[in-house]
>>> print(open('target-v7.tsv').read())   # TSV, C-alpha atoms
chain	number	residue	atom	x	y	z
A	1	SER	CA	-0.40	-21.40	-9.18
A	2	ILE	CA	2.21	-19.25	-7.49
A	3	ALA	CA	5.57	-18.68	-9.16
A	4	THR	CA	8.32	-19.38	-6.63
A	5	HIS	CA	10.12	-16.10	-7.26
A	6	LEU	CA	9.55	-13.40	-9.84
A	7	PRO	CA	12.33	-12.14	-12.09
A	8	ARG	CA	14.36	-9.33	-10.55
A	9	GLN	CA	12.86	-5.86	-10.94
A	10	ARG	CA	15.15	-2.87	-11.33
A	11	VAL	CA	14.60	0.50	-9.70
A	12	GLN	CA	13.49	3.05	-12.29
A	13	TRP	CA	14.92	6.32	-11.01
A	14	LEU	CA	14.01	8.43	-14.07
A	15	ARG	CA	10.41	7.16	-14.00
A	16	ALA	CA	10.24	8.06	-10.28
A	17	ALA	CA	11.60	11.56	-10.99
A	18	ARG	CA	9.00	12.10	-13.72
A	19	ALA	CA	6.19	10.97	-11.41
A	20	LEU	CA	7.54	13.22	-8.67
A	21	ALA	CA	7.56	16.20	-11.06
A	22	ARG	CA	3.90	15.52	-11.96
A	23	MET	CA	3.06	15.25	-8.26
A	24	ARG	CA	4.27	18.75	-7.32
A	25	GLY	CA	1.50	20.45	-5.37
A	26	THR	CA	-1.21	17.91	-6.15
A	27	TYR	CA	-2.45	14.68	-4.61
A	28	ASP	CA	-3.01	12.32	-7.48
A	29	GLY	CA	-3.36	8.68	-6.44
A	30	ALA	CA	-2.37	7.33	-9.87
A	31	THR	CA	0.84	9.40	-9.88
A	32	ILE	CA	1.68	8.32	-6.34
A	33	MET	CA	1.21	4.67	-7.37
A	34	GLU	CA	3.48	5.30	-10.39
A	35	PHE	CA	6.16	6.81	-8.11
A	36	ASP	CA	5.87	3.84	-5.76
A	37	ALA	CA	6.11	1.32	-8.62
A	38	ALA	CA	9.18	3.04	-10.05
A	39	LEU	CA	11.03	2.79	-6.74
A	40	GLU	CA	9.80	-0.67	-5.80
A	41	GLY	CA	12.50	-2.76	-7.44
A	42	ASP	CA	12.50	-6.10	-5.60
A	43	ASP	CA	11.02	-4.71	-2.36
A	44	GLY	CA	7.47	-5.85	-3.17
A	45	GLU	CA	8.52	-9.39	-4.00
A	46	ARG	CA	10.75	-9.51	-0.93
A	47	GLY	CA	7.78	-8.47	1.22
A	48	PHE	CA	5.63	-11.16	-0.40
A	49	GLN	CA	8.26	-13.83	0.28
A	50	GLU	CA	8.54	-12.67	3.91
A	51	PHE	CA	4.77	-12.94	4.18
A	52	LEU	CA	4.81	-16.49	2.79
A	53	ALA	CA	7.44	-17.47	5.38
A	54	ASP	CA	5.27	-16.22	8.27
A	55	PRO	CA	3.60	-19.06	10.21
A	56	ASP	CA	0.20	-17.31	10.02
A	57	ALA	CA	0.36	-16.91	6.24
A	58	ALA	CA	-1.14	-20.34	5.57
A	59	THR	CA	-4.37	-19.43	7.37
A	60	LEU	CA	-4.69	-16.11	5.55
A	61	LEU	CA	-3.91	-17.75	2.22
A	62	GLN	CA	-6.55	-20.39	2.83
A	63	GLU	CA	-9.22	-17.83	3.75
A	64	GLN	CA	-8.01	-14.94	1.56
A	65	PRO	CA	-10.30	-12.33	3.09
A	66	CYS	CA	-10.74	-9.39	0.72
A	67	LEU	CA	-9.55	-6.45	2.81
A	68	PRO	CA	-10.62	-3.76	0.30
A	69	GLU	CA	-14.13	-5.21	0.24
A	70	LEU	CA	-14.26	-5.42	4.05
A	71	LEU	CA	-13.04	-1.83	4.46
A	72	ASP	CA	-15.60	-0.52	1.96
A	73	ASP	CA	-18.49	-2.31	3.70
A	74	VAL	CA	-19.99	0.71	5.46
A	75	ASP	CA	-22.91	-1.26	6.92
A	76	ALA	CA	-20.68	-3.90	8.54
A	77	LEU	CA	-18.28	-1.28	9.91
A	78	ALA	CA	-21.19	0.77	11.28
A	79	LYS	CA	-22.42	-2.28	13.23
A	80	MET	CA	-19.12	-2.54	15.10
A	81	ARG	CA	-18.87	-1.36	18.67
A	82	GLU	CA	-18.46	2.40	19.19
A	83	GLY	CA	-14.80	3.12	19.88
A	84	SER	CA	-13.62	0.02	17.98
A	85	PHE	CA	-10.86	0.10	15.39
A	86	GLY	CA	-13.40	-0.60	12.65
A	87	ARG	CA	-15.60	2.32	13.69
A	88	ALA	CA	-12.56	4.62	13.89
A	89	TYR	CA	-11.62	3.58	10.36
A	90	LEU	CA	-15.19	4.15	9.17
A	91	ALA	CA	-15.12	7.70	10.57
A	92	LEU	CA	-11.88	8.42	8.68
A	93	ALA	CA	-13.15	6.81	5.47
A	94	GLN	CA	-16.41	8.77	5.55
A	95	ARG	CA	-14.76	12.06	6.48
A	96	ASP	CA	-12.14	11.78	3.72
A	97	ARG	CA	-14.31	9.86	1.23
A	98	ILE	CA	-11.91	6.92	1.05
A	99	SER	CA	-12.76	4.01	-1.21
A	100	VAL	CA	-10.20	1.25	-0.87
A	101	THR	CA	-11.59	-0.43	-3.97
A	102	SER	CA	-10.83	2.77	-5.92
A	103	LEU	CA	-7.28	2.82	-4.54
A	104	VAL	CA	-6.75	-0.79	-5.57
A	105	THR	CA	-8.23	-0.10	-8.99
A	106	GLY	CA	-5.80	2.82	-9.30
A	107	SER	CA	-2.87	0.53	-8.54
A	108	LEU	CA	-3.99	-1.79	-11.35
A	109	ALA	CA	-3.59	1.11	-13.79
A	110	VAL	CA	0.19	1.17	-13.26
A	111	PRO	CA	1.63	-0.20	-16.53
A	112	ASP	CA	3.82	-2.93	-15.04
A	113	GLU	CA	1.52	-3.98	-12.19
A	114	GLN	CA	0.61	-7.23	-13.97
A	115	GLN	CA	4.31	-8.22	-13.94
A	116	ARG	CA	4.50	-7.53	-10.18
A	117	ALA	CA	1.37	-9.59	-9.47
A	118	PRO	CA	1.09	-12.21	-12.21
A	119	ASP	CA	-0.89	-14.66	-10.10
A	120	PRO	CA	-4.04	-14.37	-7.94
A	121	VAL	CA	-2.17	-14.80	-4.65
A	122	ARG	CA	0.26	-11.96	-5.33
A	123	ARG	CA	-2.66	-9.81	-6.52
A	124	TRP	CA	-4.52	-10.52	-3.26
A	125	TYR	CA	-1.38	-9.71	-1.22
A	126	ARG	CA	-0.69	-6.44	-3.07
A	127	ASP	CA	-4.32	-5.34	-2.75
A	128	ARG	CA	-4.05	-5.94	1.02
A	129	MET	CA	-0.88	-3.85	1.18
A	130	THR	CA	-2.62	-1.00	-0.64
A	131	ALA	CA	-5.59	-1.30	1.72
A	132	THR	CA	-3.50	-1.08	4.89
A	133	HIS	CA	-2.23	2.48	4.38
A	134	ASP	CA	-5.27	4.26	5.79
A	135	LEU	CA	-5.62	1.63	8.52
A	136	LEU	CA	-2.17	2.75	9.66
A	137	HIS	CA	-3.44	6.33	9.91
A	138	VAL	CA	-6.10	5.10	12.35
A	139	LEU	CA	-3.67	2.88	14.25
A	140	THR	CA	-1.03	5.60	14.70
A	141	GLY	CA	-3.36	8.58	14.99
A	142	TYR	CA	-1.33	10.42	12.33
A	143	GLY	CA	-3.44	12.70	10.15
A	144	ARG	CA	-3.74	12.53	6.39
A	145	ASP	CA	-2.15	15.96	6.00
A	146	ARG	CA	1.48	16.51	4.98
A	147	ALA	CA	2.82	16.23	8.54
A	148	GLY	CA	0.78	13.10	9.21
A	149	GLU	CA	1.86	11.44	5.97
A	150	THR	CA	5.49	12.23	6.81
A	151	ALA	CA	5.12	10.76	10.29
A	152	LEU	CA	3.44	7.69	8.80
A	153	LEU	CA	6.34	7.28	6.38
A	154	ALA	CA	8.76	7.21	9.33
A	155	PHE	CA	6.54	4.70	11.16
A	156	SER	CA	6.24	2.52	8.05
A	157	LEU	CA	9.97	2.66	7.41
A	158	GLY	CA	10.59	1.32	10.91
A	159	ALA	CA	8.21	-1.56	10.26
A	160	LYS	CA	9.24	-2.29	6.67
A	161	PRO	CA	12.53	-0.84	5.34
A	162	MET	CA	11.38	-0.25	1.76
A	163	ARG	CA	13.16	2.08	-0.67
A	164	VAL	CA	9.99	4.06	-1.45
A	165	PHE	CA	9.62	4.89	2.27
A	166	ARG	CA	13.28	5.96	2.57
A	167	VAL	CA	13.18	8.14	-0.54
A	168	SER	CA	9.78	9.64	0.28
A	169	LEU	CA	10.80	10.43	3.85
A	170	ALA	CA	14.01	12.07	2.69
A	171	LEU	CA	12.09	14.15	0.15
A	172	ALA	CA	9.50	15.13	2.78
A	173	VAL	CA	12.19	16.24	5.22
A	174	LEU	CA	14.08	18.16	2.53
A	175	SER	CA	10.94	19.99	1.45
A	176	ILE	CA	10.04	21.29	4.93
>>> encode(input="target-v7.tsv", output="structure tokens")
Amino acid sequence: SIATHLPRQRVQWLRAARALARMRGTYDGATIMEFDAALEGDDGERGFQEFLADPDAATLLQEQPCLPELLDDVDALAKMREGSFGRAYLALAQRDRISVTSLVTGSLAVPDEQQRAPDPVRRWYRDRMTATHDLLHVLTGYGRDRAGETALLAFSLGAKPMRVFRVSLALAVLSI
């Protein structure tokens, strides 16, 4: 069953600063997920509640397609039409050796992730959110380099005004 609302989550600024210090000069998915979790506060739950209020949510909730599984299915993606979104994603995933299942598994390693997704529906939703990041690279055409990630942050902030996007974008601009 789905809890109506989760207890309020506070922003953990010191935890975010520690993760940011560990991140300096390296790309470590687990540390990035830790940084994101520290800054999340109630943003993740708010996003989930907005999703539930969407008229199309009922269909997705009934079907619950596993986006990480679909995106890691190389054979199915390879059968898609040349020039399709799926084939463009496959090219990116193969070039950069992306495994969405590994990214999702990494998010599960964050110490308080179970509190943020205590039920199967929230877990499914959060896994989908993790899976969409690289899809956005394909959609926008922004690269996975520093400039591309910064541009994607700005794009994502326009679509979803989350604290982690605001803070990360400010840090990216300040570090140029």
>>> axis_aligned_box(input="target-v7.tsv", around="region 110-124 of chain A", padding_each_side="8 Å", output="JSON")
{"center_x": 0.0, "center_y": -6.8, "center_z": -9.9, "size_x": 25.0, "size_y": 32.0, "size_z": 29.3}
>>> closest_atom_pairs(input="target-v7.tsv", of="region 106-148 of chain A", to="region 6-22 of chain A", cutoff="10 Å", atoms="only C-alpha atoms", output="Markdown table")
| residue | atom | partner | partner_atom | distance |
| --- | --- | --- | --- | --- |
| A:Gln115 | CA | A:Leu6 | CA | 8.4 |
| A:Arg116 | CA | A:Leu6 | CA | 7.8 |
| A:Ala117 | CA | A:Leu6 | CA | 9.0 |
| A:Pro118 | CA | A:Leu6 | CA | 8.9 |
>>> closest_atom_pairs(input="target-v7.tsv", of="region 50-74 of chain A", to="region 128-140 of chain A", cutoff="12 Å", atoms="only C-alpha atoms", output="tab-separated table")
residue	atom	partner	partner_atom	distance
A:Phe51	CA	A:Met129	CA	11.1
A:Leu60	CA	A:Arg128	CA	11.2
A:Leu61	CA	A:Arg128	CA	11.9
A:Gln64	CA	A:Arg128	CA	9.8
A:Pro65	CA	A:Arg128	CA	9.2
A:Cys66	CA	A:Arg128	CA	7.5
A:Leu67	CA	A:Arg128	CA	5.8
A:Pro68	CA	A:Ala131	CA	5.8
A:Glu69	CA	A:Ala131	CA	9.5
A:Leu70	CA	A:Ala131	CA	9.9
A:Leu71	CA	A:Ala131	CA	8.0
A:Asp72	CA	A:Ala131	CA	10.0
>>> closest_residue(input="target-v7.tsv", among="A:Asp96, A:Glu34, A:Asp56, A:Glu149", to="Pro111 (chain A)", atoms="all atoms listed in the file")
A:Glu34
>>> atom_distance(input="target-v7.tsv", atom1="CA of Lys160 (chain A)", atom2="CA of Val104 (chain A)")
20.2 Å
>>> residues_around(input="target-v7.tsv", residues="Val74 (chain A)", least_positions_apart="5", cutoff="9 Å", atoms="only C-alpha atoms", output="list in words")
Lys79, Leu90 and Gln94 of chain A
>>> atom_distance(input="target-v7.tsv", atom1="CA of Ala147 (chain A)", atom2="CA of Asp36 (chain A)")
19.2 Å
>>> atom_distance(input="target-v7.tsv", atom1="CA of Thr31 (chain A)", atom2="CA of Leu157 (chain A)")
20.7 Å
>>> closest_residue(input="target-v7.tsv", among="A:Leu174, A:Leu39, A:Leu169, A:Ile32", to="Leu152 (chain A)", atoms="all atoms listed in the file")
A:Leu169
>>> closest_residue(input="target-v7.tsv", among="A:Leu77, A:Ala170, A:Val110, A:Gly141", to="Leu153 (chain A)", atoms="all atoms listed in the file")
A:Ala170
>>> residues_around(input="target-v7.tsv", residues="Arg46 (chain A)", least_positions_apart="4", cutoff="10 Å", atoms="only C-alpha atoms", output="list of chain:residue names")
A:His5, A:Leu6, A:Gly41, A:Asp42, A:Glu50, A:Phe51, A:Leu52, A:Met162
>>> closest_residue(input="target-v7.tsv", among="A:Met23, A:Arg123, A:Gln62, A:Phe85", to="Phe35 (chain A)", atoms="all atoms listed in the file")
A:Met23
>>> decode(input="target-v7.tsv", residues="region 11-32 of chain A", atoms="N, CA, C and O atoms", output="short mmCIF file (atom, residue, chain, number, x, y, z; two decimals), in the first residue's frame")
data_model
loop_
_atom_site.label_atom_id
_atom_site.label_comp_id
_atom_site.auth_asym_id
_atom_site.auth_seq_id
_atom_site.Cartn_x
_atom_site.Cartn_y
_atom_site.Cartn_z
N VAL A 11 16.55 19.28 4.62
CA VAL A 11 17.73 19.40 3.78
C VAL A 11 18.95 19.23 4.67
O VAL A 11 19.01 19.79 5.78
N GLN A 12 19.92 18.47 4.21
CA GLN A 12 21.11 18.16 5.01
C GLN A 12 22.32 18.84 4.37
O GLN A 12 23.07 18.23 3.61
N TRP A 13 22.48 20.11 4.67
CA TRP A 13 23.50 20.93 4.01
C TRP A 13 24.92 20.41 4.28
O TRP A 13 25.75 20.39 3.36
N LEU A 14 25.22 20.03 5.50
CA LEU A 14 26.57 19.53 5.83
C LEU A 14 26.86 18.23 5.09
O LEU A 14 27.96 18.05 4.54
N ARG A 15 25.91 17.35 5.02
CA ARG A 15 26.05 16.10 4.26
C ARG A 15 26.32 16.41 2.78
O ARG A 15 27.17 15.77 2.15
N ALA A 16 25.60 17.38 2.24
CA ALA A 16 25.81 17.78 0.83
C ALA A 16 27.22 18.33 0.64
O ALA A 16 27.89 18.01 -0.35
N ALA A 17 27.68 19.15 1.57
CA ALA A 17 29.03 19.73 1.47
C ALA A 17 30.10 18.63 1.52
O ALA A 17 31.08 18.68 0.78
N ARG A 18 29.89 17.65 2.38
CA ARG A 18 30.85 16.54 2.47
C ARG A 18 30.88 15.74 1.16
O ARG A 18 31.95 15.36 0.68
N ALA A 19 29.72 15.47 0.61
CA ALA A 19 29.65 14.74 -0.67
C ALA A 19 30.31 15.56 -1.77
O ALA A 19 31.05 15.02 -2.59
N LEU A 20 30.06 16.86 -1.77
CA LEU A 20 30.66 17.73 -2.77
C LEU A 20 32.19 17.72 -2.65
O LEU A 20 32.90 17.66 -3.66
N ALA A 21 32.71 17.73 -1.45
CA ALA A 21 34.16 17.68 -1.24
C ALA A 21 34.74 16.37 -1.77
O ALA A 21 35.82 16.36 -2.37
N ARG A 22 34.03 15.26 -1.58
CA ARG A 22 34.50 13.97 -2.10
C ARG A 22 34.42 13.92 -3.62
O ARG A 22 35.17 13.18 -4.26
N MET A 23 33.53 14.70 -4.20
CA MET A 23 33.30 14.70 -5.64
C MET A 23 34.37 15.45 -6.42
O MET A 23 34.52 15.22 -7.61
N ARG A 24 35.10 16.33 -5.80
CA ARG A 24 36.05 17.21 -6.49
C ARG A 24 36.92 16.44 -7.48
O ARG A 24 37.69 15.58 -7.09
N GLY A 25 36.73 16.74 -8.75
CA GLY A 25 37.58 16.17 -9.79
C GLY A 25 37.28 14.75 -10.20
O GLY A 25 37.97 14.19 -11.04
N THR A 26 36.28 14.13 -9.61
CA THR A 26 35.96 12.75 -9.98
C THR A 26 34.47 12.63 -10.28
O THR A 26 33.66 13.43 -9.83
N TYR A 27 34.12 11.63 -11.06
CA TYR A 27 32.72 11.33 -11.32
C TYR A 27 32.43 10.01 -10.64
O TYR A 27 32.79 8.95 -11.12
N ASP A 28 31.83 10.10 -9.49
CA ASP A 28 31.49 8.92 -8.71
C ASP A 28 29.98 8.92 -8.51
O ASP A 28 29.44 9.78 -7.81
N GLY A 29 29.30 7.98 -9.16
CA GLY A 29 27.85 7.93 -9.12
C GLY A 29 27.29 7.86 -7.71
O GLY A 29 26.29 8.51 -7.39
N ALA A 30 27.92 7.08 -6.83
CA ALA A 30 27.43 6.94 -5.46
C ALA A 30 27.51 8.27 -4.72
O ALA A 30 26.59 8.64 -3.98
N THR A 31 28.59 9.02 -4.94
CA THR A 31 28.74 10.31 -4.27
C THR A 31 27.75 11.32 -4.82
O THR A 31 27.19 12.13 -4.07
N ILE A 32 27.50 11.27 -6.11
CA ILE A 32 26.51 12.17 -6.72
C ILE A 32 25.12 11.86 -6.15
O ILE A 32 24.36 12.79 -5.82
#
